[in-house]
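J.: Quick one: the structure is below, and I'll ask about it shortly.
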Amino acid sequence: MARVFIWAAYKKPRELTWLLGVVLLLLGAAFIFTGAILPWDAMGYWAGEVGTSMAGTVPAIGTFLKLLMRGGDAMGQMTLSRAFVVHVAILPALTVFFIAAHLVAFRQFGSVGPWNPKKLEKTGRFLA
């Protein structure tokens, strides 16, 4: 992402590719959060407690988010079950979808490469 930012590849016409990359970064963060809860030891419990409490501070919808993530008022079996389903089923499906969309957008709009136009020549097809 640093290279993309330095080369300004987030500008037109590659905005969609950049946004899909940011979504993939956020999905990675979601994997880390839900994965930290899954051992359900003291560290996992407190990771979930802190994370859901932080979600509870979002203006207007924070209480709803906290209840949704916890599965109730307190941390418990529903919290662990929801973290497991999100970590094992929902996030991988979303990740596969967004990786595919990111690759399609990348192939459609291209990459920001070297400043030398001779080096920007196409070398071949991406897929056979």
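All residue names refer to the structure tokens as shown: chains lettered A, B, ... in order, residues numbered from 1 in each chain, ligands numbered from 1 in order.
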Just list the residues in region 1-120 of chain A DSSP gives helix (DSSP H, G or I) on the backbone, as a JSON list (two decimals) with N, CA, C and O atoms, in the first residue's frame.
T.:
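Saved to states.json:
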```json
[["chain", "number", "residue", "atom", "x", "y", "z"],
["A", 2, "ALA", "N", 2.03, 1.15, 0.61],
["A", 2, "ALA", "CA", 2.92, 2.32, 0.61],
["A", 2, "ALA", "C", 3.36, 2.66, -0.81],
["A", 2, "ALA", "O", 3.38, 3.83, -1.19],
["A", 3, "ARG", "N", 3.69, 1.64, -1.60],
["A", 3, "ARG", "CA", 4.10, 1.88, -2.98],
["A", 3, "ARG", "C", 2.97, 2.52, -3.78],
["A", 3, "ARG", "O", 3.18, 3.46, -4.55],
["A", 4, "VAL", "N", 1.76, 2.03, -3.58],
["A", 4, "VAL", "CA", 0.61, 2.58, -4.28],
["A", 4, "VAL", "C", 0.41, 4.04, -3.88],
["A", 4, "VAL", "O", 0.10, 4.89, -4.70],
["A", 5, "PHE", "N", 0.56, 4.32, -2.60],
["A", 5, "PHE", "CA", 0.40, 5.69, -2.12],
["A", 5, "PHE", "C", 1.49, 6.60, -2.66],
["A", 5, "PHE", "O", 1.22, 7.72, -3.11],
["A", 6, "ILE", "N", 2.73, 6.13, -2.65],
["A", 6, "ILE", "CA", 3.85, 6.95, -3.14],
["A", 6, "ILE", "C", 3.70, 7.25, -4.63],
["A", 6, "ILE", "O", 3.93, 8.37, -5.07],
["A", 15, "GLU", "N", -9.26, 4.41, -8.67],
["A", 15, "GLU", "CA", -9.86, 4.60, -7.36],
["A", 15, "GLU", "C", -10.49, 3.32, -6.83],
["A", 15, "GLU", "O", -10.38, 3.00, -5.65],
["A", 16, "LEU", "N", -11.16, 2.58, -7.72],
["A", 16, "LEU", "CA", -11.82, 1.34, -7.31],
["A", 16, "LEU", "C", -10.81, 0.32, -6.81],
["A", 16, "LEU", "O", -11.03, -0.33, -5.78],
["A", 17, "THR", "N", -9.69, 0.20, -7.48],
["A", 17, "THR", "CA", -8.65, -0.74, -7.05],
["A", 17, "THR", "C", -8.14, -0.37, -5.67],
["A", 17, "THR", "O", -7.96, -1.23, -4.81],
["A", 18, "TRP", "N", -7.93, 0.92, -5.44],
["A", 18, "TRP", "CA", -7.47, 1.40, -4.13],
["A", 18, "TRP", "C", -8.50, 1.10, -3.05],
["A", 18, "TRP", "O", -8.15, 0.58, -1.99],
["A", 19, "LEU", "N", -9.76, 1.39, -3.31],
["A", 19, "LEU", "CA", -10.81, 1.15, -2.31],
["A", 19, "LEU", "C", -10.96, -0.33, -2.00],
["A", 19, "LEU", "O", -11.15, -0.71, -0.83],
["A", 20, "LEU", "N", -10.86, -1.18, -3.01],
["A", 20, "LEU", "CA", -10.93, -2.62, -2.77],
["A", 20, "LEU", "C", -9.74, -3.08, -1.93],
["A", 20, "LEU", "O", -9.87, -3.95, -1.07],
["A", 21, "GLY", "N", -8.57, -2.49, -2.15],
["A", 21, "GLY", "CA", -7.41, -2.81, -1.33],
["A", 21, "GLY", "C", -7.60, -2.38, 0.11],
["A", 21, "GLY", "O", -7.20, -3.09, 1.04],
["A", 22, "VAL", "N", -8.21, -1.24, 0.33],
["A", 22, "VAL", "CA", -8.48, -0.77, 1.69],
["A", 22, "VAL", "C", -9.48, -1.71, 2.37],
["A", 22, "VAL", "O", -9.32, -2.05, 3.55],
["A", 23, "VAL", "N", -10.50, -2.16, 1.63],
["A", 23, "VAL", "CA", -11.45, -3.12, 2.19],
["A", 23, "VAL", "C", -10.73, -4.41, 2.57],
["A", 23, "VAL", "O", -10.99, -4.99, 3.64],
["A", 24, "LEU", "N", -9.79, -4.87, 1.75],
["A", 24, "LEU", "CA", -9.02, -6.06, 2.09],
["A", 24, "LEU", "C", -8.18, -5.85, 3.34],
["A", 24, "LEU", "O", -8.03, -6.76, 4.17],
["A", 25, "LEU", "N", -7.63, -4.65, 3.51],
["A", 25, "LEU", "CA", -6.89, -4.34, 4.73],
["A", 25, "LEU", "C", -7.80, -4.42, 5.96],
["A", 25, "LEU", "O", -7.42, -4.99, 6.99],
["A", 26, "LEU", "N", -9.00, -3.87, 5.84],
["A", 26, "LEU", "CA", -9.95, -3.92, 6.96],
["A", 26, "LEU", "C", -10.41, -5.35, 7.25],
["A", 26, "LEU", "O", -10.62, -5.71, 8.41],
["A", 27, "LEU", "N", -10.55, -6.16, 6.20],
["A", 27, "LEU", "CA", -10.89, -7.56, 6.41],
["A", 27, "LEU", "C", -9.77, -8.28, 7.17],
["A", 27, "LEU", "O", -10.04, -9.13, 8.03],
["A", 28, "GLY", "N", -8.54, -7.94, 6.86],
["A", 28, "GLY", "CA", -7.42, -8.50, 7.61],
["A", 28, "GLY", "C", -7.48, -8.13, 9.09],
["A", 28, "GLY", "O", -7.23, -8.96, 9.97],
["A", 29, "ALA", "N", -7.84, -6.89, 9.37],
["A", 29, "ALA", "CA", -7.98, -6.46, 10.76],
["A", 29, "ALA", "C", -9.12, -7.20, 11.44],
["A", 29, "ALA", "O", -9.03, -7.57, 12.62],
["A", 30, "ALA", "N", -10.21, -7.46, 10.71],
["A", 30, "ALA", "CA", -11.33, -8.21, 11.27],
["A", 30, "ALA", "C", -10.92, -9.65, 11.57],
["A", 30, "ALA", "O", -11.34, -10.23, 12.59],
["A", 31, "PHE", "N", -10.10, -10.26, 10.70],
["A", 31, "PHE", "CA", -9.58, -11.59, 10.97],
["A", 31, "PHE", "C", -8.76, -11.60, 12.26],
["A", 31, "PHE", "O", -8.87, -12.52, 13.08],
["A", 32, "ILE", "N", -7.95, -10.59, 12.45],
["A", 32, "ILE", "CA", -7.12, -10.52, 13.66],
["A", 32, "ILE", "C", -8.00, -10.40, 14.89],
["A", 32, "ILE", "O", -7.78, -11.08, 15.90],
["A", 33, "PHE", "N", -9.02, -9.54, 14.83],
["A", 33, "PHE", "CA", -9.89, -9.35, 15.99],
["A", 33, "PHE", "C", -10.66, -10.62, 16.33],
["A", 33, "PHE", "O", -10.67, -11.06, 17.48],
["A", 34, "THR", "N", -11.31, -11.23, 15.34],
["A", 34, "THR", "CA", -12.10, -12.43, 15.64],
["A", 34, "THR", "C", -11.21, -13.61, 16.00],
["A", 34, "THR", "O", -11.58, -14.43, 16.84],
["A", 35, "GLY", "N", -10.03, -13.69, 15.42],
["A", 35, "GLY", "CA", -9.12, -14.77, 15.77],
["A", 35, "GLY", "C", -8.58, -14.66, 17.18],
["A", 35, "GLY", "O", -8.29, -15.68, 17.82],
["A", 36, "ALA", "N", -8.44, -13.45, 17.68],
["A", 36, "ALA", "CA", -7.94, -13.27, 19.05],
["A", 36, "ALA", "C", -8.94, -13.77, 20.09],
["A", 36, "ALA", "O", -8.56, -14.21, 21.17],
["A", 37, "ILE", "N", -10.22, -13.72, 19.76],
["A", 37, "ILE", "CA", -11.26, -14.16, 20.70],
["A", 37, "ILE", "C", -11.34, -15.68, 20.77],
["A", 37, "ILE", "O", -11.66, -16.25, 21.83],
["A", 42, "ALA", "N", -8.01, -16.18, 28.98],
["A", 42, "ALA", "CA", -8.09, -14.84, 29.57],
["A", 42, "ALA", "C", -7.77, -13.76, 28.53],
["A", 42, "ALA", "O", -8.45, -12.73, 28.46],
["A", 43, "MET", "N", -6.76, -14.01, 27.72],
["A", 43, "MET", "CA", -6.41, -13.03, 26.68],
["A", 43, "MET", "C", -7.54, -12.88, 25.67],
["A", 43, "MET", "O", -7.87, -11.78, 25.24],
["A", 44, "GLY", "N", -8.12, -13.99, 25.24],
["A", 44, "GLY", "CA", -9.21, -13.95, 24.27],
["A", 44, "GLY", "C", -10.44, -13.26, 24.84],
["A", 44, "GLY", "O", -11.10, -12.48, 24.13],
["A", 45, "TYR", "N", -10.75, -13.55, 26.09],
["A", 45, "TYR", "CA", -11.91, -12.92, 26.72],
["A", 45, "TYR", "C", -11.73, -11.41, 26.77],
["A", 45, "TYR", "O", -12.63, -10.66, 26.39],
["A", 46, "TRP", "N", -10.56, -10.97, 27.21],
["A", 46, "TRP", "CA", -10.36, -9.53, 27.34],
["A", 46, "TRP", "C", -10.18, -8.83, 26.00],
["A", 46, "TRP", "O", -10.54, -7.67, 25.85],
["A", 47, "ALA", "N", -9.67, -9.55, 25.01],
["A", 47, "ALA", "CA", -9.62, -8.97, 23.67],
["A", 47, "ALA", "C", -11.04, -8.72, 23.16],
["A", 47, "ALA", "O", -11.34, -7.67, 22.58],
["A", 48, "GLY", "N", -11.93, -9.67, 23.40],
["A", 48, "GLY", "CA", -13.33, -9.49, 23.01],
["A", 48, "GLY", "C", -14.01, -8.41, 23.82],
["A", 48, "GLY", "O", -14.79, -7.61, 23.29],
["A", 49, "GLU", "N", -13.74, -8.37, 25.10],
["A", 49, "GLU", "CA", -14.34, -7.35, 25.97],
["A", 49, "GLU", "C", -13.93, -5.95, 25.53],
["A", 49, "GLU", "O", -14.77, -5.06, 25.38],
["A", 50, "VAL", "N", -12.65, -5.75, 25.31],
["A", 50, "VAL", "CA", -12.17, -4.43, 24.90],
["A", 50, "VAL", "C", -12.68, -4.08, 23.51],
["A", 50, "VAL", "O", -13.14, -2.95, 23.26],
["A", 51, "GLY", "N", -12.61, -5.03, 22.57],
["A", 51, "GLY", "CA", -13.04, -4.75, 21.20],
["A", 51, "GLY", "C", -14.52, -4.43, 21.09],
["A", 51, "GLY", "O", -14.91, -3.48, 20.40],
["A", 52, "THR", "N", -15.34, -5.19, 21.78],
["A", 52, "THR", "CA", -16.78, -4.92, 21.71],
["A", 52, "THR", "C", -17.13, -3.65, 22.48],
["A", 52, "THR", "O", -18.06, -2.94, 22.09],
["A", 53, "SER", "N", -16.39, -3.37, 23.53],
["A", 53, "SER", "CA", -16.63, -2.11, 24.25],
["A", 53, "SER", "C", -16.25, -0.91, 23.39],
["A", 53, "SER", "O", -16.92, 0.13, 23.43],
["A", 54, "MET", "N", -15.18, -1.05, 22.62],
["A", 54, "MET", "CA", -14.81, 0.04, 21.70],
["A", 54, "MET", "C", -15.89, 0.23, 20.65],
["A", 54, "MET", "O", -16.23, 1.37, 20.30],
["A", 55, "ALA", "N", -16.44, -0.86, 20.13],
["A", 55, "ALA", "CA", -17.53, -0.74, 19.15],
["A", 55, "ALA", "C", -18.74, -0.07, 19.79],
["A", 55, "ALA", "O", -19.50, 0.61, 19.11],
["A", 62, "GLY", "N", -23.66, 2.57, 18.44],
["A", 62, "GLY", "CA", -22.70, 1.85, 19.25],
["A", 62, "GLY", "C", -23.31, 0.77, 20.12],
["A", 62, "GLY", "O", -22.80, -0.35, 20.19],
["A", 63, "THR", "N", -24.41, 1.09, 20.78],
["A", 63, "THR", "CA", -25.06, 0.10, 21.64],
["A", 63, "THR", "C", -25.54, -1.09, 20.82],
["A", 63, "THR", "O", -25.37, -2.25, 21.23],
["A", 64, "PHE", "N", -26.11, -0.83, 19.65],
["A", 64, "PHE", "CA", -26.55, -1.90, 18.77],
["A", 64, "PHE", "C", -25.37, -2.78, 18.33],
["A", 64, "PHE", "O", -25.46, -4.01, 18.35],
["A", 65, "LEU", "N", -24.27, -2.14, 17.93],
["A", 65, "LEU", "CA", -23.09, -2.90, 17.50],
["A", 65, "LEU", "C", -22.55, -3.77, 18.63],
["A", 65, "LEU", "O", -22.19, -4.93, 18.41],
["A", 66, "LYS", "N", -22.51, -3.21, 19.82],
["A", 66, "LYS", "CA", -22.00, -3.97, 20.97],
["A", 66, "LYS", "C", -22.87, -5.18, 21.25],
["A", 66, "LYS", "O", -22.36, -6.29, 21.45],
["A", 67, "LEU", "N", -24.18, -4.99, 21.23],
["A", 67, "LEU", "CA", -25.10, -6.11, 21.46],
["A", 67, "LEU", "C", -25.00, -7.13, 20.33],
["A", 67, "LEU", "O", -25.07, -8.34, 20.56],
["A", 68, "LEU", "N", -24.85, -6.67, 19.12],
["A", 68, "LEU", "CA", -24.74, -7.57, 17.97],
["A", 68, "LEU", "C", -23.47, -8.40, 18.06],
["A", 68, "LEU", "O", -23.49, -9.62, 17.83],
["A", 69, "MET", "N", -22.36, -7.77, 18.39],
["A", 69, "MET", "CA", -21.09, -8.48, 18.46],
["A", 69, "MET", "C", -21.03, -9.45, 19.63],
["A", 69, "MET", "O", -20.46, -10.54, 19.52],
["A", 70, "ARG", "N", -21.62, -9.07, 20.74],
["A", 70, "ARG", "CA", -21.59, -9.93, 21.93],
["A", 70, "ARG", "C", -22.69, -10.98, 21.92],
["A", 70, "ARG", "O", -22.56, -12.00, 22.59],
["A", 77, "GLN", "N", -21.04, -17.44, 25.69],
["A", 77, "GLN", "CA", -21.00, -18.43, 24.61],
["A", 77, "GLN", "C", -21.45, -17.84, 23.27],
["A", 77, "GLN", "O", -20.91, -18.18, 22.22],
["A", 78, "MET", "N", -22.43, -16.95, 23.28],
["A", 78, "MET", "CA", -22.89, -16.33, 22.04],
["A", 78, "MET", "C", -21.79, -15.48, 21.39],
["A", 78, "MET", "O", -21.67, -15.45, 20.17],
["A", 79, "THR", "N", -20.99, -14.82, 22.21],
["A", 79, "THR", "CA", -19.88, -14.03, 21.68],
["A", 79, "THR", "C", -18.89, -14.94, 20.97],
["A", 79, "THR", "O", -18.45, -14.65, 19.85],
["A", 80, "LEU", "N", -18.55, -16.05, 21.62],
["A", 80, "LEU", "CA", -17.61, -16.99, 21.02],
["A", 80, "LEU", "C", -18.17, -17.60, 19.74],
["A", 80, "LEU", "O", -17.48, -17.70, 18.73],
["A", 81, "SER", "N", -19.45, -17.97, 19.76],
["A", 81, "SER", "CA", -20.07, -18.56, 18.57],
["A", 81, "SER", "C", -20.10, -17.57, 17.41],
["A", 81, "SER", "O", -19.82, -17.93, 16.27],
["A", 82, "ARG", "N", -20.45, -16.33, 17.70],
["A", 82, "ARG", "CA", -20.49, -15.32, 16.64],
["A", 82, "ARG", "C", -19.10, -15.03, 16.09],
["A", 82, "ARG", "O", -18.92, -14.89, 14.88],
["A", 83, "ALA", "N", -18.11, -14.96, 16.96],
["A", 83, "ALA", "CA", -16.74, -14.72, 16.49],
["A", 83, "ALA", "C", -16.27, -15.89, 15.61],
["A", 83, "ALA", "O", -15.61, -15.68, 14.59],
["A", 84, "PHE", "N", -16.63, -17.12, 15.99],
["A", 84, "PHE", "CA", -16.24, -18.28, 15.21],
["A", 84, "PHE", "C", -16.87, -18.26, 13.82],
["A", 84, "PHE", "O", -16.20, -18.47, 12.81],
["A", 85, "VAL", "N", -18.17, -18.00, 13.76],
["A", 85, "VAL", "CA", -18.86, -17.97, 12.47],
["A", 85, "VAL", "C", -18.31, -16.87, 11.58],
["A", 85, "VAL", "O", -18.07, -17.07, 10.38],
["A", 86, "VAL", "N", -18.08, -15.71, 12.15],
["A", 86, "VAL", "CA", -17.53, -14.60, 11.37],
["A", 86, "VAL", "C", -16.13, -14.94, 10.88],
["A", 86, "VAL", "O", -15.79, -14.71, 9.72],
["A", 87, "HIS", "N", -15.31, -15.53, 11.76],
["A", 87, "HIS", "CA", -13.91, -15.82, 11.42],
["A", 87, "HIS", "C", -13.78, -16.96, 10.41],
["A", 87, "HIS", "O", -12.90, -16.92, 9.55],
["A", 88, "VAL", "N", -14.66, -17.96, 10.49],
["A", 88, "VAL", "CA", -14.49, -19.16, 9.68],
["A", 88, "VAL", "C", -15.34, -19.15, 8.41],
["A", 88, "VAL", "O", -14.96, -19.76, 7.41],
["A", 89, "ALA", "N", -16.47, -18.46, 8.42],
["A", 89, "ALA", "CA", -17.38, -18.51, 7.26],
["A", 89, "ALA", "C", -17.51, -17.16, 6.56],
["A", 89, "ALA", "O", -17.30, -17.08, 5.35],
["A", 90, "ILE", "N", -17.85, -16.14, 7.28],
["A", 90, "ILE", "CA", -18.20, -14.86, 6.65],
["A", 90, "ILE", "C", -16.97, -14.14, 6.12],
["A", 90, "ILE", "O", -16.93, -13.73, 4.95],
["A", 91, "LEU", "N", -15.94, -13.97, 6.94],
["A", 91, "LEU", "CA", -14.75, -13.25, 6.50],
["A", 91, "LEU", "C", -14.02, -13.93, 5.34],
["A", 91, "LEU", "O", -13.60, -13.25, 4.39],
["A", 92, "PRO", "N", -13.85, -15.26, 5.36],
["A", 92, "PRO", "CA", -13.20, -15.88, 4.19],
["A", 92, "PRO", "C", -13.99, -15.69, 2.90],
["A", 92, "PRO", "O", -13.40, -15.44, 1.84],
["A", 93, "ALA", "N", -15.32, -15.78, 2.96],
["A", 93, "ALA", "CA", -16.13, -15.58, 1.76],
["A", 93, "ALA", "C", -15.99, -14.15, 1.25],
["A", 93, "ALA", "O", -15.81, -13.92, 0.04],
["A", 94, "LEU", "N", -16.05, -13.19, 2.15],
["A", 94, "LEU", "CA", -15.87, -11.80, 1.75],
["A", 94, "LEU", "C", -14.47, -11.55, 1.19],
["A", 94, "LEU", "O", -14.30, -10.82, 0.21],
["A", 95, "THR", "N", -13.47, -12.18, 1.79],
["A", 95, "THR", "CA", -12.10, -12.00, 1.33],
["A", 95, "THR", "C", -11.91, -12.55, -0.08],
["A", 95, "THR", "O", -11.29, -11.90, -0.93],
["A", 96, "VAL", "N", -12.45, -13.73, -0.35],
["A", 96, "VAL", "CA", -12.35, -14.29, -1.70],
["A", 96, "VAL", "C", -13.02, -13.38, -2.72],
["A", 96, "VAL", "O", -12.48, -13.09, -3.79],
["A", 97, "PHE", "N", -14.21, -12.88, -2.37],
["A", 97, "PHE", "CA", -14.93, -11.98, -3.28],
["A", 97, "PHE", "C", -14.13, -10.71, -3.55],
["A", 97, "PHE", "O", -13.97, -10.29, -4.71],
["A", 98, "PHE", "N", -13.60, -10.08, -2.49],
["A", 98, "PHE", "CA", -12.89, -8.82, -2.67],
["A", 98, "PHE", "C", -11.53, -9.01, -3.33],
["A", 98, "PHE", "O", -11.06, -8.12, -4.05],
["A", 99, "ILE", "N", -10.88, -10.15, -3.12],
["A", 99, "ILE", "CA", -9.63, -10.42, -3.84],
["A", 99, "ILE", "C", -9.92, -10.55, -5.33],
["A", 99, "ILE", "O", -9.20, -9.99, -6.17],
["A", 100, "ALA", "N", -10.98, -11.28, -5.67],
["A", 100, "ALA", "CA", -11.34, -11.42, -7.09],
["A", 100, "ALA", "C", -11.68, -10.06, -7.70],
["A", 100, "ALA", "O", -11.22, -9.73, -8.80],
["A", 101, "ALA", "N", -12.46, -9.26, -6.99],
["A", 101, "ALA", "CA", -12.82, -7.94, -7.50],
["A", 101, "ALA", "C", -11.57, -7.05, -7.63],
["A", 101, "ALA", "O", -11.44, -6.29, -8.59],
["A", 102, "HIS", "N", -10.65, -7.17, -6.68],
["A", 102, "HIS", "CA", -9.42, -6.38, -6.71],
["A", 102, "HIS", "C", -8.57, -6.77, -7.92],
["A", 102, "HIS", "O", -8.02, -5.90, -8.61],
["A", 103, "LEU", "N", -8.46, -8.07, -8.19],
["A", 103, "LEU", "CA", -7.70, -8.52, -9.35],
["A", 103, "LEU", "C", -8.34, -8.07, -10.66],
["A", 103, "LEU", "O", -7.63, -7.66, -11.59],
["A", 104, "VAL", "N", -9.66, -8.15, -10.74],
["A", 104, "VAL", "CA", -10.35, -7.69, -11.95],
["A", 104, "VAL", "C", -10.13, -6.19, -12.14],
["A", 104, "VAL", "O", -9.83, -5.74, -13.26],
["A", 105, "ALA", "N", -10.27, -5.42, -11.08],
["A", 105, "ALA", "CA", -10.06, -3.97, -11.18],
["A", 105, "ALA", "C", -8.62, -3.66, -11.56],
["A", 105, "ALA", "O", -8.35, -2.76, -12.36],
["A", 106, "PHE", "N", -7.69, -4.41, -10.99],
["A", 106, "PHE", "CA", -6.28, -4.20, -11.31],
["A", 106, "PHE", "C", -6.01, -4.48, -12.79],
["A", 106, "PHE", "O", -5.31, -3.72, -13.46],
["A", 107, "ARG", "N", -6.57, -5.56, -13.30],
["A", 107, "ARG", "CA", -6.36, -5.90, -14.71],
["A", 107, "ARG", "C", -7.08, -4.91, -15.62],
["A", 107, "ARG", "O", -6.62, -4.64, -16.72],
["A", 108, "GLN", "N", -8.20, -4.38, -15.17],
["A", 108, "GLN", "CA", -8.97, -3.43, -15.99],
["A", 108, "GLN", "C", -8.26, -2.08, -16.09],
["A", 108, "GLN", "O", -8.15, -1.51, -17.16],
["A", 109, "PHE", "N", -7.80, -1.57, -14.95],
["A", 109, "PHE", "CA", -7.26, -0.21, -14.92],
["A", 109, "PHE", "C", -5.74, -0.16, -14.92],
["A", 109, "PHE", "O", -5.15, 0.91, -15.05],
["A", 117, "PRO", "N", 8.00, 5.27, -20.44],
["A", 117, "PRO", "CA", 6.92, 4.62, -21.20],
["A", 117, "PRO", "C", 7.32, 3.30, -21.85],
["A", 117, "PRO", "O", 6.48, 2.44, -22.07],
["A", 118, "LYS", "N", 8.59, 3.12, -22.17],
["A", 118, "LYS", "CA", 9.03, 1.87, -22.78],
["A", 118, "LYS", "C", 8.86, 0.68, -21.84],
["A", 118, "LYS", "O", 8.63, -0.44, -22.28],
["A", 119, "LYS", "N", 8.96, 0.94, -20.55],
["A", 119, "LYS", "CA", 8.83, -0.14, -19.58],
["A", 119, "LYS", "C", 7.37, -0.49, -19.28],
["A", 119, "LYS", "O", 7.10, -1.44, -18.57],
["A", 120, "LEU", "N", 6.44, 0.29, -19.78],
["A", 120, "LEU", "CA", 5.03, 0.03, -19.54],
["A", 120, "LEU", "C", 4.41, -0.92, -20.56],
["A", 120, "LEU", "O", 3.22, -1.17, -20.52]]
```
J.: Would you work out the distance separating CA of Ile61 (chain A) from CA of Pro39 (chain A), expressed in Å to one decimal?
T.: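 So the two atoms, CA of Ile61 (chain A) and CA of Pro39 (chain A), lie 28.1 Å apart.
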J.: What does the distance from CA of Val112 (chain A) to CA of Ala9 (chain A) come to in Å, to one decimal?
T.: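 Separating CA of Val112 (chain A) from CA of Ala9 (chain A) is a distance of 5.8 Å.
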